[in-house]
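As provided, run28.cif (mmCIF, C-alpha atoms and all ligand atoms) reads as follows.
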```cif
data_coords
#
loop_
_atom_site.label_atom_id
_atom_site.label_comp_id
_atom_site.auth_asym_id
_atom_site.auth_seq_id
_atom_site.Cartn_x
_atom_site.Cartn_y
_atom_site.Cartn_z
CA MET A 66 14.40 2.91 7.60
CA GLY A 67 14.98 6.58 6.87
CA PHE A 68 12.88 9.63 6.34
CA ASN A 69 11.13 9.92 3.04
CA ALA A 70 10.71 13.63 3.37
CA THR A 71 12.31 16.64 1.87
CA GLY A 72 13.69 19.06 4.43
CA ASN A 73 15.13 16.23 6.46
CA ILE A 74 16.28 17.74 9.72
CA ALA A 75 17.84 14.59 11.06
CA HIS A 76 21.17 16.06 9.98
CA ALA A 77 20.90 18.86 12.53
CA SER A 78 23.38 17.21 14.81
CA THR A 79 24.97 20.03 16.78
CA SER A 80 23.16 21.16 19.90
CA ALA A 81 23.03 24.73 18.55
CA ALA A 82 21.19 23.51 15.48
CA GLN A 83 18.82 21.56 17.69
CA GLU A 84 18.04 24.62 19.78
CA ASN A 85 17.19 26.56 16.62
CA VAL A 86 14.95 23.79 15.40
CA LEU A 87 13.08 23.68 18.70
CA GLU A 88 12.60 27.47 18.67
CA TRP A 89 11.28 27.36 15.14
CA VAL A 90 8.92 24.54 15.96
CA LYS A 91 7.39 26.55 18.79
CA LYS A 92 6.70 29.50 16.52
CA ASP A 93 5.16 27.78 13.54
CA LYS A 94 1.69 26.30 13.48
CA ARG A 95 2.60 22.71 13.07
CA ARG A 96 0.03 19.98 13.08
CA MET A 97 -0.53 16.50 11.80
CA LEU A 98 -1.92 16.75 8.26
CA HIS A 99 -2.45 13.35 6.72
CA VAL A 100 -2.00 9.75 7.56
CA VAL A 101 -1.02 7.95 4.37
CA TYR A 102 -1.50 4.25 3.65
CA ARG A 103 -2.26 1.81 0.89
CA VAL A 104 -5.49 0.01 0.13
CA GLY A 105 -6.42 -2.71 -2.36
CA ASP A 106 -9.72 -1.25 -3.63
CA LEU A 107 -10.38 2.46 -3.33
CA ASP A 108 -14.14 2.37 -3.90
CA ARG A 109 -14.59 -0.38 -1.34
CA THR A 110 -12.71 1.63 1.30
CA ILE A 111 -14.43 4.93 0.44
CA LYS A 112 -17.81 3.22 0.77
CA PHE A 113 -16.87 1.78 4.16
CA TYR A 114 -15.46 5.03 5.58
CA THR A 115 -18.34 7.19 4.37
CA GLU A 116 -21.21 4.79 5.18
CA CYS A 117 -19.90 3.18 8.36
CA LEU A 118 -17.60 5.79 9.87
CA GLY A 119 -19.33 8.96 8.69
CA MET A 120 -16.32 10.44 6.89
CA LYS A 121 -16.54 12.64 3.84
CA LEU A 122 -14.71 12.08 0.58
CA LEU A 123 -12.73 15.33 0.33
CA ARG A 124 -10.87 14.82 -2.92
CA ARG A 125 -9.63 12.24 -5.32
CA ARG A 126 -6.61 12.48 -7.59
CA ASP A 127 -5.61 10.05 -10.29
CA ILE A 128 -1.99 10.00 -11.44
CA PRO A 129 -2.04 7.60 -14.41
CA GLU A 130 1.61 8.31 -15.36
CA GLU A 131 2.61 6.90 -11.98
CA ARG A 132 -0.15 4.31 -11.95
CA TYR A 133 -1.77 5.30 -8.66
CA THR A 134 -4.81 7.13 -7.32
CA ASN A 135 -5.16 9.06 -4.06
CA ALA A 136 -8.34 9.69 -2.14
CA PHE A 137 -8.59 12.02 0.86
CA LEU A 138 -11.22 11.34 3.51
CA GLY A 139 -11.99 12.91 6.83
CA TYR A 140 -14.40 14.69 9.13
CA GLY A 141 -13.72 18.19 7.90
CA PRO A 142 -11.70 20.25 5.43
CA GLU A 143 -8.01 19.49 5.06
CA ASP A 144 -6.96 22.98 6.10
CA SER A 145 -8.31 22.43 9.59
CA HIS A 146 -8.51 18.66 10.07
CA PHE A 147 -6.26 15.64 10.25
CA VAL A 148 -7.29 13.51 7.28
CA ILE A 149 -6.69 10.11 5.71
CA GLU A 150 -4.84 9.91 2.40
CA LEU A 151 -5.46 6.55 0.75
CA THR A 152 -3.21 5.31 -2.01
CA TYR A 153 -4.35 2.77 -4.55
CA ASN A 154 -1.59 1.35 -6.76
CA TYR A 155 -2.92 0.04 -10.07
CA GLY A 156 -3.22 -3.73 -9.98
CA VAL A 157 -2.28 -4.22 -6.31
CA ASP A 158 -5.26 -5.53 -4.39
CA LYS A 159 -3.63 -6.73 -1.17
CA TYR A 160 -1.08 -5.50 1.37
CA ASP A 161 0.66 -6.91 4.38
CA ILE A 162 -0.29 -4.54 7.19
CA GLY A 163 2.42 -5.79 9.52
CA ALA A 164 2.32 -5.48 13.30
CA GLY A 165 3.92 -2.06 13.88
CA PHE A 166 0.77 -0.19 12.96
CA GLY A 167 -1.86 -0.64 15.68
CA HIS A 168 -5.01 1.29 14.87
CA PHE A 169 -6.67 4.61 14.14
CA GLY A 170 -8.78 6.14 16.90
CA ILE A 171 -12.20 7.57 16.09
CA ALA A 172 -14.11 9.49 18.74
CA VAL A 173 -17.84 8.80 18.66
CA GLU A 174 -20.58 9.82 21.05
CA ASP A 175 -22.20 6.39 21.26
CA VAL A 176 -19.96 3.39 20.60
CA THR A 177 -22.75 0.81 20.79
CA LYS A 178 -24.90 2.69 18.30
CA THR A 179 -21.97 3.05 15.92
CA VAL A 180 -21.10 -0.64 16.22
CA ASP A 181 -24.73 -1.61 15.50
CA LEU A 182 -24.67 0.53 12.37
CA ILE A 183 -21.37 -0.98 11.24
CA LYS A 184 -22.74 -4.49 11.75
CA ALA A 185 -25.89 -3.61 9.82
CA LYS A 186 -23.68 -2.49 6.92
CA GLY A 187 -21.78 -5.77 7.04
CA GLY A 188 -18.67 -4.36 8.72
CA LYS A 189 -16.37 -6.48 10.85
CA VAL A 190 -16.36 -5.90 14.61
CA THR A 191 -13.39 -7.52 16.34
CA ARG A 192 -14.04 -6.29 19.88
CA GLU A 193 -17.51 -5.57 21.22
CA PRO A 194 -18.29 -2.28 23.01
CA GLY A 195 -17.29 -2.11 26.66
CA PRO A 196 -14.84 -0.43 29.02
CA VAL A 197 -11.21 -0.66 27.94
CA LYS A 198 -9.27 -3.27 29.92
CA GLY A 199 -7.75 -1.52 32.92
CA GLY A 200 -9.80 1.66 32.41
CA SER A 201 -13.27 3.12 32.07
CA THR A 202 -13.51 4.59 28.53
CA VAL A 203 -15.96 2.61 26.43
CA ILE A 204 -14.26 1.34 23.30
CA ALA A 205 -14.76 -1.15 20.46
CA PHE A 206 -12.54 -2.32 17.62
CA ILE A 207 -13.55 -2.74 14.02
CA GLU A 208 -11.63 -3.66 10.88
CA ASP A 209 -11.85 -2.00 7.50
CA PRO A 210 -11.93 -4.04 4.26
CA ASP A 211 -8.10 -4.25 4.12
CA GLY A 212 -7.82 -5.23 7.79
CA TYR A 213 -6.72 -1.83 9.14
CA LYS A 214 -8.07 -1.53 12.66
CA PHE A 215 -10.11 1.34 14.03
CA GLU A 216 -10.69 1.87 17.73
CA LEU A 217 -13.98 3.61 18.48
CA LEU A 218 -13.65 5.71 21.63
CA GLU A 219 -16.70 7.07 23.42
CA ARG A 220 -16.28 10.83 23.91
CA GLY A 221 -18.39 13.96 23.84
CA PRO A 222 -18.55 16.11 20.71
CA THR A 223 -15.10 16.94 19.37
CA PRO A 224 -13.72 19.04 16.52
CA GLU A 225 -11.34 16.22 15.55
CA PRO A 226 -13.06 12.80 15.53
CA LEU A 227 -10.08 11.19 13.78
CA CYS A 228 -8.13 11.47 17.00
CA GLN A 229 -5.37 8.83 17.24
CA VAL A 230 -2.83 6.88 15.27
CA MET A 231 -1.53 4.03 17.40
CA LEU A 232 1.93 2.74 16.51
CA ARG A 233 3.83 0.02 18.35
CA VAL A 234 7.42 0.89 19.16
CA GLY A 235 10.32 -1.16 20.48
CA ASP A 236 11.82 1.49 22.75
CA LEU A 237 9.45 4.08 24.15
CA ASP A 238 12.01 6.60 25.38
CA ARG A 239 13.88 6.51 22.09
CA SER A 240 10.63 7.15 20.20
CA ILE A 241 9.50 9.92 22.54
CA ASN A 242 12.85 11.61 22.07
CA PHE A 243 12.59 11.19 18.30
CA TYR A 244 9.15 12.75 17.96
CA GLU A 245 10.12 15.58 20.31
CA LYS A 246 13.40 16.43 18.60
CA ALA A 247 12.58 15.73 14.97
CA PHE A 248 8.96 16.89 14.92
CA GLY A 249 8.59 19.19 17.89
CA MET A 250 5.78 17.12 19.36
CA GLU A 251 5.00 17.23 23.03
CA LEU A 252 4.68 14.29 25.35
CA LEU A 253 1.08 14.86 26.42
CA ARG A 254 0.61 11.85 28.67
CA LYS A 255 2.32 8.63 29.57
CA ARG A 256 0.56 5.70 31.20
CA ASP A 257 1.91 2.37 32.32
CA ASN A 258 -0.47 -0.56 32.43
CA PRO A 259 1.51 -3.29 34.23
CA GLU A 260 -1.52 -5.56 34.49
CA TYR A 261 -1.61 -5.83 30.70
CA LYS A 262 2.14 -5.37 30.25
CA TYR A 263 2.27 -2.26 28.10
CA THR A 264 3.03 1.44 28.37
CA ILE A 265 1.56 4.14 26.18
CA ALA A 266 2.78 7.64 25.42
CA MET A 267 0.51 10.21 23.77
CA MET A 268 2.44 12.65 21.60
CA GLY A 269 1.20 15.56 19.55
CA TYR A 270 0.93 19.28 18.96
CA GLY A 271 -1.92 20.07 21.32
CA PRO A 272 -4.43 18.68 23.78
CA GLU A 273 -5.89 15.25 23.02
CA ASP A 274 -9.49 16.45 23.00
CA LYS A 275 -8.83 18.94 20.19
CA ASN A 276 -5.94 17.49 18.16
CA ALA A 277 -5.08 14.19 16.60
CA VAL A 278 -2.23 12.51 18.47
CA LEU A 279 0.18 9.65 18.09
CA GLU A 280 -0.41 6.90 20.63
CA LEU A 281 2.91 5.10 20.97
CA THR A 282 2.58 1.67 22.54
CA TYR A 283 5.40 -0.28 24.09
CA ASN A 284 4.64 -3.94 24.89
CA TYR A 285 6.91 -5.27 27.64
CA GLY A 286 9.79 -7.21 26.16
CA VAL A 287 8.95 -6.59 22.48
CA SER A 288 11.67 -4.61 20.75
CA GLU A 289 10.79 -5.20 17.09
CA TYR A 290 7.74 -5.35 14.88
CA ASP A 291 7.17 -6.58 11.38
CA LYS A 292 6.45 -3.45 9.35
CA GLY A 293 4.58 -4.98 6.42
CA ASN A 294 4.11 -2.95 3.23
CA GLY A 295 0.74 -1.23 3.72
CA TYR A 296 2.30 1.41 5.95
CA ALA A 297 0.78 4.21 7.90
CA GLN A 298 2.89 7.30 7.51
CA VAL A 299 1.99 10.61 9.03
CA GLU A 300 2.64 13.93 7.35
CA THR A 301 2.98 17.06 9.41
CA PHE A 302 2.76 20.65 8.34
CA PRO A 303 4.65 22.09 6.58
CA PHE A 304 6.77 19.50 4.84
CA PHE A 305 7.74 16.55 6.93
CA SER A 306 6.52 13.03 6.88
CA PHE A 307 7.75 10.11 8.85
CA PRO A 308 7.50 6.37 8.88
CA ARG A 309 6.01 4.69 11.87
CA ASN A 310 9.16 4.71 13.94
CA PRO A 311 12.71 5.94 13.75
CA SER A 312 14.44 2.56 13.60
N1 LIG B 401 -0.76 -5.44 23.56
C1 LIG B 401 -1.56 -4.31 23.16
C2 LIG B 401 -1.22 -3.11 24.05
C3 LIG B 401 -2.04 -1.91 23.77
C4 LIG B 401 -3.44 -2.01 24.33
O1 LIG B 401 -3.83 -3.02 24.95
N2 LIG B 401 -4.23 -0.95 24.14
C5 LIG B 401 -5.57 -0.91 24.67
C6 LIG B 401 -6.25 0.37 24.29
S1 LIG B 401 -5.38 1.78 24.94
C7 LIG B 401 -6.40 -2.06 24.11
O2 LIG B 401 -6.27 -2.36 22.94
N3 LIG B 401 -7.23 -2.73 24.93
C8 LIG B 401 -7.99 -3.83 24.46
C9 LIG B 401 -9.29 -3.99 25.20
O3 LIG B 401 -9.60 -3.20 26.12
O4 LIG B 401 -10.02 -4.91 24.83
C10 LIG B 401 -1.24 -3.96 21.70
O5 LIG B 401 -0.07 -4.02 21.29
O6 LIG B 401 -2.19 -3.61 20.96
CO CO B 402 -5.89 3.96 20.66
#
```

Write out the structure in this file as structure tokens.
Ligand SMILES: N[C@@H](CCC(=O)N[C@@H](CS)C(=O)NCC(=O)O)C(=O)O
Ligand SMILES: [Co+2]
Amino acid sequence: MGFNATGNIAHASTSAAQENVLEWVKKDKRRMLHVVYRVGDLDRTIKFYTECLGMKLLRRRDIPEERYTNAFLGYGPEDSHFVIELTYNYGVDKYDIGAGFGHFGIAVEDVTKTVDLIKAKGGKVTREPGPVKGGSTVIAFIEDPDGYKFELLERGPTPEPLCQVMLRVGDLDRSINFYEKAFGMELLRKRDNPEYKYTIAMMGYGPEDKNAVLELTYNYGVSEYDKGNGYAQVETFPFFSFPRNPS
């Protein structure tokens, strides 16, 4: 799988070119802009995200010549927030989500209250509120109408409630290196959880409590995941986007 972006810097192969890229990355104000994926019914998803998750519909754009519609949703304006960009392709009502995409993380102040609301609205809860296995943060998992998973994480007030995109990767060091070199992200935190046989690496452009981050998960012994066709791609400012992993 390759990049689908313009301005592909994967060709910067000499070390001098890499140095320049890293310098440039430090100077510009890069951040994660959108996470892009496909849904089978736009109105159904918009209803779920606005009523159950408290997002706002920021904009909607129909491109009939190309037979698709985009909708942007999030917790604040696009110029300051990481937002969701949904794609509906005319006539396609179902996608295979695959196993490489894990979940989106949403920070909420009261997980139990949020879960109760989601249940009252008929939403699907796949993991009841309680401390994360091997830790103390209260979490819950829910599924949207297409089956995309959202992890609710109990946190104090935050400027960026849409706070994580969890992707499963087959080689953690290779992926860390990729996101550092190609996108100038920082390794913010790495945590091994031997009891549950996985390691996570948080990568991003700033601290986890203020910026959306990528949560890369390596499951012991698993080197490949089925990617499906629903995708979750992340776009960064100014003009890069990447698929879920560099393989
Ligand atoms: N095997 C898991 C490893 C990642 C994992 O377990 N993550 C934690 C959250 S950081 C989790 O989902 N815990 C489930 C729970 O606490 O019920 C996967 O691939 O999703
Ligand atoms: Co997570």

Let me have all residues with an atom within 10 Å of ligand CO 402 (chain B), counting all atoms listed in the file, laid out as a PyMOL selection string.
chain A and resi 167-171+204+206+214-218+228-232+265+267+278-282

Residues just named, written with C-alpha atoms as a PDB file, keeping the file's coordinate frame:
```pdb
ATOM      1  CA  GLY A 167      -1.860  -0.640  15.680  1.00  0.00           C
ATOM      2  CA  HIS A 168      -5.010   1.290  14.870  1.00  0.00           C
ATOM      3  CA  PHE A 169      -6.670   4.610  14.140  1.00  0.00           C
ATOM      4  CA  GLY A 170      -8.780   6.140  16.900  1.00  0.00           C
ATOM      5  CA  ILE A 171     -12.200   7.570  16.090  1.00  0.00           C
ATOM      6  CA  ILE A 204     -14.260   1.340  23.300  1.00  0.00           C
ATOM      7  CA  PHE A 206     -12.540  -2.320  17.620  1.00  0.00           C
ATOM      8  CA  LYS A 214      -8.070  -1.530  12.660  1.00  0.00           C
ATOM      9  CA  PHE A 215     -10.110   1.340  14.030  1.00  0.00           C
ATOM     10  CA  GLU A 216     -10.690   1.870  17.730  1.00  0.00           C
ATOM     11  CA  LEU A 217     -13.980   3.610  18.480  1.00  0.00           C
ATOM     12  CA  LEU A 218     -13.650   5.710  21.630  1.00  0.00           C
ATOM     13  CA  CYS A 228      -8.130  11.470  17.000  1.00  0.00           C
ATOM     14  CA  GLN A 229      -5.370   8.830  17.240  1.00  0.00           C
ATOM     15  CA  VAL A 230      -2.830   6.880  15.270  1.00  0.00           C
ATOM     16  CA  MET A 231      -1.530   4.030  17.400  1.00  0.00           C
ATOM     17  CA  LEU A 232       1.930   2.740  16.510  1.00  0.00           C
ATOM     18  CA  ILE A 265       1.560   4.140  26.180  1.00  0.00           C
ATOM     19  CA  MET A 267       0.510  10.210  23.770  1.00  0.00           C
ATOM     20  CA  VAL A 278      -2.230  12.510  18.470  1.00  0.00           C
ATOM     21  CA  LEU A 279       0.180   9.650  18.090  1.00  0.00           C
ATOM     22  CA  GLU A 280      -0.410   6.900  20.630  1.00  0.00           C
ATOM     23  CA  LEU A 281       2.910   5.100  20.970  1.00  0.00           C
ATOM     24  CA  THR A 282       2.580   1.670  22.540  1.00  0.00           C
TER      25      THR A 282
END
```

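Shortest separation to ligand LIG 401 (chain B) among A:Tyr155, A:Tyr114, A:Tyr283, A:Tyr213 occurs at residue A:Tyr283, atoms counted being only C-alpha atoms and all ligand atoms.
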
Calculate how many Å separate CA of Met97 in chain A from CA of Glu245 in chain A, rounding to one decimal.
13.7 Å

Interface rows for chain A against ligand LIG 401 (chain B): nearest pair, Å to one decimal, 8 Å, all atoms listed in the file, as JSON lines:
```
{"residue": "A:Gly167", "atom": "CA", "partner": "B:LIG401", "partner_atom": "O6", "distance": 6.1}
{"residue": "A:Arg192", "atom": "CA", "partner": "B:LIG401", "partner_atom": "O4", "distance": 6.5}
{"residue": "A:Gly195", "atom": "CA", "partner": "B:LIG401", "partner_atom": "O3", "distance": 7.8}
{"residue": "A:Pro196", "atom": "CA", "partner": "B:LIG401", "partner_atom": "O3", "distance": 6.6}
{"residue": "A:Val197", "atom": "CA", "partner": "B:LIG401", "partner_atom": "O3", "distance": 3.5}
{"residue": "A:Lys198", "atom": "CA", "partner": "B:LIG401", "partner_atom": "O3", "distance": 3.8}
{"residue": "A:Gly199", "atom": "CA", "partner": "B:LIG401", "partner_atom": "O3", "distance": 7.2}
{"residue": "A:Gly200", "atom": "CA", "partner": "B:LIG401", "partner_atom": "O3", "distance": 8.0}
{"residue": "A:Ile204", "atom": "CA", "partner": "B:LIG401", "partner_atom": "O3", "distance": 7.1}
{"residue": "A:Ala205", "atom": "CA", "partner": "B:LIG401", "partner_atom": "O4", "distance": 7.5}
{"residue": "A:Arg233", "atom": "CA", "partner": "B:LIG401", "partner_atom": "O5", "distance": 6.3}
{"residue": "A:Tyr261", "atom": "CA", "partner": "B:LIG401", "partner_atom": "O1", "distance": 6.8}
{"residue": "A:Lys262", "atom": "CA", "partner": "B:LIG401", "partner_atom": "N1", "distance": 7.3}
{"residue": "A:Tyr263", "atom": "CA", "partner": "B:LIG401", "partner_atom": "C2", "distance": 5.4}
{"residue": "A:Thr264", "atom": "CA", "partner": "B:LIG401", "partner_atom": "C2", "distance": 7.6}
{"residue": "A:Ile265", "atom": "CA", "partner": "B:LIG401", "partner_atom": "S1", "distance": 7.4}
{"residue": "A:Thr282", "atom": "CA", "partner": "B:LIG401", "partner_atom": "C3", "distance": 6.0}
{"residue": "A:Tyr283", "atom": "CA", "partner": "B:LIG401", "partner_atom": "O5", "distance": 7.2}
{"residue": "A:Asn284", "atom": "CA", "partner": "B:LIG401", "partner_atom": "N1", "distance": 5.8}
```

Six-sided padding of 4 Å per side, axis-aligned box over range 195-213 of chain A, centre and edges in Å, one decimal, as AutoDock Vina command-line options:
```
--center_x -12.0 --center_y -0.3 --center_z 18.5 --size_x 18.6 --size_y 17.8 --size_z 36.8
```

Which residue of A:Leu122, A:Val299, A:Leu227, A:Val287 approaches Glu273 in chain A most closely, using only C-alpha atoms
A:Leu227

Check the smallest atom-to-atom distance from each of A:Asp181, A:Asp209, A:Val190, A:Glu260 to Phe113 in chain A using all atoms listed in the file, then report the winner.
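Under the stated criterion, the closest residue is A:Asp209.
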
Counting all atoms listed in the file, the residue of A:Met268, A:Asp127, A:His99, A:Asn154 that sits nearest Asn242 in chain A:
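That would be A:Met268, the residue with the smallest distance to Asn242 in chain A.
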
Could you give me, as an NGL selection string, the residues that have an atom at most 9 Å away from the point (-17.2, 10.9, 20.4) in the coordinates of the file, using all atoms listed in the file?
:A and (171-176 or 217-223 or 226)

Could you state the separation of CA of Thr134 in chain A and CA of Gly295 in chain A in Å, given to one decimal place?
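Atom-to-atom, CA of Thr134 in chain A to CA of Gly295 in chain A, that is 14.9 Å.
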
Determine, counting only C-alpha atoms, which protein, DNA and RNA residues have an atom within 12 Å of an atom of Asp144 in chain A; residues of the same chain fewer than 4 positions away are not included. Present the result as a list in words.
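So the residues in contact are Lys94, Arg95, Arg96, Met97, Leu98, His99, Leu123, Gly139, Tyr140, Val148, Phe302 and Pro303 of chain A.
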
Give me the residues near Arg239 in chain A as a list in words, where near means some atom within 12 Å (using all atoms listed in the file) and where sequence neighbours in that chain fewer than 2 positions away do not count.
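Here the answer would be Val234, Gly235, Asp236, Leu237, Ile241, Asn242, Phe243, Tyr244, Glu245, Lys246, Ala247, Ala266, Leu281, Tyr283, Ser288, Asn310, Pro311 and Ser312 of chain A.
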
Which residues come within 8 Å of Asn294 in chain A, counting only C-alpha atoms, excluding same-chain residues fewer than 3 positions away, as a ChimeraX atom specification?
/A:160-163

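Here CA of Tyr102 in chain A stands at a distance of 17.4 Å from CA of Ile207 in chain A.
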
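For the choices A:Asp158, A:Glu150, A:Glu251, A:Asp211, the atom-to-atom distance to Val101 in chain A is smallest for A:Glu150 when using all atoms listed in the file.
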
Nearest residue to Glu300 in chain A from the set A:Tyr153, A:Tyr133, A:Phe166, A:Phe248 (distances using only C-alpha atoms):
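Of all the options, A:Phe248 lies closest to Glu300 in chain A.
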